[in-house]
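> Structure: entry.txt, compact mmCIF, C-alpha atoms and all ligand atoms.
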# COMPACT_ATOMS: atom_id res chain seq x y z
CA MET A 813 0.00 0.00 0.00
CA SER A 814 1.12 3.55 -0.51
CA ASN A 815 2.19 5.72 2.42
CA PRO A 816 1.40 3.60 5.47
CA THR A 817 0.64 5.86 8.44
CA GLY A 818 1.14 3.37 11.27
CA ASP A 819 -2.53 3.97 12.15
CA SER A 820 -3.87 0.49 11.45
CA LEU A 821 -7.47 1.54 10.81
CA ARG A 822 -6.48 4.35 8.48
CA ASP A 823 -3.98 2.09 6.69
CA LEU A 824 -6.58 -0.67 6.30
CA ALA A 825 -9.17 1.79 4.98
CA GLN A 826 -6.67 3.26 2.54
CA SER A 827 -5.52 -0.19 1.42
CA THR A 828 -9.13 -1.26 0.89
CA GLN A 829 -9.82 1.83 -1.20
CA GLU A 830 -6.70 1.20 -3.30
CA PHE A 831 -7.69 -2.47 -3.67
CA TYR A 832 -11.04 -1.53 -5.18
CA ARG A 833 -9.38 1.05 -7.40
CA ARG A 834 -6.77 -1.44 -8.63
CA PHE A 835 -9.54 -3.76 -9.80
CA ASP A 836 -11.58 -0.84 -11.13
CA VAL A 837 -14.44 -1.83 -8.82
CA GLN A 838 -17.01 0.59 -7.48
CA PRO A 839 -18.21 -1.25 -4.36
CA GLU A 840 -21.93 -1.98 -4.42
CA LEU A 841 -23.80 -2.13 -1.15
CA GLU A 842 -25.47 -5.53 -1.51
CA ASN A 843 -22.22 -7.19 -2.61
CA CYS A 844 -20.41 -5.61 0.32
CA ILE A 845 -23.09 -6.72 2.75
CA GLN A 846 -22.88 -10.29 1.43
CA ASN A 847 -19.08 -10.24 1.78
CA PHE A 848 -19.36 -8.88 5.32
CA GLN A 849 -21.87 -11.57 6.30
CA GLU A 850 -19.59 -14.29 4.90
CA GLU A 851 -16.59 -12.94 6.78
CA ALA A 852 -18.60 -12.49 10.00
CA ARG A 853 -19.67 -16.13 9.73
CA GLU A 854 -16.05 -17.21 9.19
CA VAL A 855 -14.75 -15.47 12.32
CA ILE A 856 -17.63 -16.87 14.37
CA ASP A 857 -16.96 -20.38 13.06
CA ALA A 858 -13.21 -20.04 13.67
CA ALA A 859 -13.78 -18.95 17.28
CA ARG A 860 -16.40 -21.62 17.99
CA GLN A 861 -14.28 -24.37 16.44
CA GLY A 862 -11.31 -23.46 18.61
CA SER A 863 -9.11 -22.43 15.68
CA SER A 864 -5.70 -20.95 16.36
CA GLN A 865 -5.60 -17.38 17.63
CA GLU A 866 -3.75 -16.45 14.44
CA HIS A 867 -6.60 -17.82 12.31
CA ILE A 868 -9.28 -16.10 14.40
CA ALA A 869 -7.38 -12.80 14.12
CA GLU A 870 -7.06 -13.28 10.37
CA GLU A 871 -10.80 -13.81 10.06
CA ALA A 872 -11.52 -10.80 12.30
CA ALA A 873 -9.35 -8.65 10.04
CA ASP A 874 -11.46 -9.83 7.09
CA VAL A 875 -14.52 -8.58 8.99
CA PHE A 876 -12.88 -5.17 9.40
CA VAL A 877 -12.06 -4.98 5.67
CA THR A 878 -15.56 -5.90 4.63
CA ALA A 879 -17.10 -3.44 7.12
CA ILE A 880 -14.96 -0.75 5.49
CA GLY A 881 -16.30 -1.93 2.12
CA ILE A 882 -19.85 -1.35 3.36
CA CYS A 883 -18.84 2.15 4.45
CA TYR A 884 -17.38 2.94 1.03
CA ALA A 885 -20.42 1.57 -0.77
CA ALA A 886 -22.62 3.73 1.45
CA GLY A 887 -20.48 6.83 0.89
CA VAL A 888 -18.80 6.95 4.31
CA GLY A 889 -15.25 8.27 4.09
CA ILE A 890 -12.13 7.24 6.00
CA ASP A 891 -12.10 10.33 8.22
CA GLN A 892 -15.76 9.93 9.14
CA LEU A 893 -15.21 6.27 10.02
CA ILE A 894 -12.18 7.06 12.15
CA GLU A 895 -14.07 9.87 13.89
CA GLN A 896 -16.81 7.40 14.81
CA VAL A 897 -14.28 4.86 16.07
CA TYR A 898 -12.98 7.47 18.50
CA ALA A 899 -16.55 8.39 19.44
CA VAL A 900 -17.16 4.75 20.38
CA ILE A 901 -13.92 4.68 22.35
CA GLY A 902 -15.01 7.81 24.20
CA LYS A 903 -18.44 6.36 24.98
CA ASN A 904 -16.97 3.08 26.18
CA ASP A 905 -14.37 4.83 28.30
CA ALA A 906 -17.13 6.88 29.96
CA LYS A 907 -19.09 3.80 31.04
CA THR A 908 -18.55 2.90 34.69
CA HIS A 909 -20.02 0.50 37.24
CA GLU A 910 -22.24 3.40 38.32
CA THR A 911 -23.75 3.81 34.84
CA HIS A 912 -23.60 0.28 33.40
CA VAL A 913 -23.85 -3.34 34.45
CA PHE A 914 -23.17 -6.71 32.83
CA HIS A 915 -26.60 -8.25 32.30
CA GLU A 916 -27.67 -11.18 30.10
CA GLY A 917 -24.39 -11.35 28.22
CA LYS A 918 -23.95 -7.64 27.56
CA ILE A 919 -22.81 -4.51 29.36
CA ARG A 920 -26.00 -2.44 29.52
CA ARG A 921 -27.07 0.93 30.86
CA ARG A 922 -28.30 0.42 34.41
CA SER A 923 -31.43 2.45 33.66
CA SER A 924 -32.42 -0.04 30.92
CA ILE A 925 -32.49 -3.00 33.33
CA ALA A 926 -35.94 -3.62 34.77
MG MG B 1 -12.25 -14.77 5.97
Represent the structure contained in this file as structure tokens.

Amino acid sequence: MSNPTGDSLRDLAQSTQEFYRRFDVQPELENCIQNFQEEAREVIDAARQGSSQEHIAEEAADVFVTAIGICYAAGVGIDQLIEQVYAVIGKNDAKTHETHVFHEGKIRRRSSIA
């Protein structure tokens, strides 16, 4: 890829964009969704089957690439995606035991638990 930044998400997004360009492909949403679903299934299967950590990580990276493909197909740019990643990090970092609790397999807002 050209000009790696050392920022893995930005580099992956840029590489994905260049990959589509190299094959002269304009990503289409339904194709990207199908690819994402296939890759999501592969990482789930790898984890459930007790595959090596290397293989599970490889499949997870495929999920990231195909999620980026969905973003491109839907017109979401690299900077907007990265901005949202940091928004999620900020939201997660703000969650505490006072605001959230692990309930039925998920960390949920305390106020949403009946
Ligand atoms: Mg895969």
> Atom CA of A:Thr828 and atom CA of A:Arg853, how far apart in Å?
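About the pair atom CA of A:Arg853 and atom CA of A:Thr828: they are 20.3 Å apart.
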> So that I can see what lies close to stretch 883-888 of chain A, please list as a VMD selection string the residues with an atom at most 9 Å from it, counting all atoms listed in the file and leaving out residues fewer than 2 positions away in the same chain.
chain A and resid 829 838 to 842 844 878 to 881 890 to 893
> With all atoms listed in the file counted, collect every polymer residue having an atom within 6 Å of ligand MG 1 (chain B); state the result as number ranges by chain.
A: 851, 854, 871, 874
> Expressed in Å to a single decimal, how great is the separation between atom CA of A:Leu824 and atom CA of A:Ala872?
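One can read the atom CA of A:Leu824 to atom CA of A:Ala872 distance as 12.8 Å.
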> Mind checking which residues fall within 10 Å of A:Gln826, counting all atoms listed in the file, ignoring those fewer than 6 positions away in the same chain, and posting them as a ChimeraX atom specification?
/A:813-817,820,880,890
> Hey, can you check how far atom CA of A:Ser827 sits from atom CA of A:Val877?
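Spanning atom CA of A:Ser827 to atom CA of A:Val877 is a straight-line distance of 9.2 Å.
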> Select, from A:Leu821, A:Ile868, A:Val913, A:Val875, the residue with the minimum atom-to-atom distance to A:Val897, counting all atoms listed in the file.
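Result for the nearest residue to A:Val897: A:Leu821.
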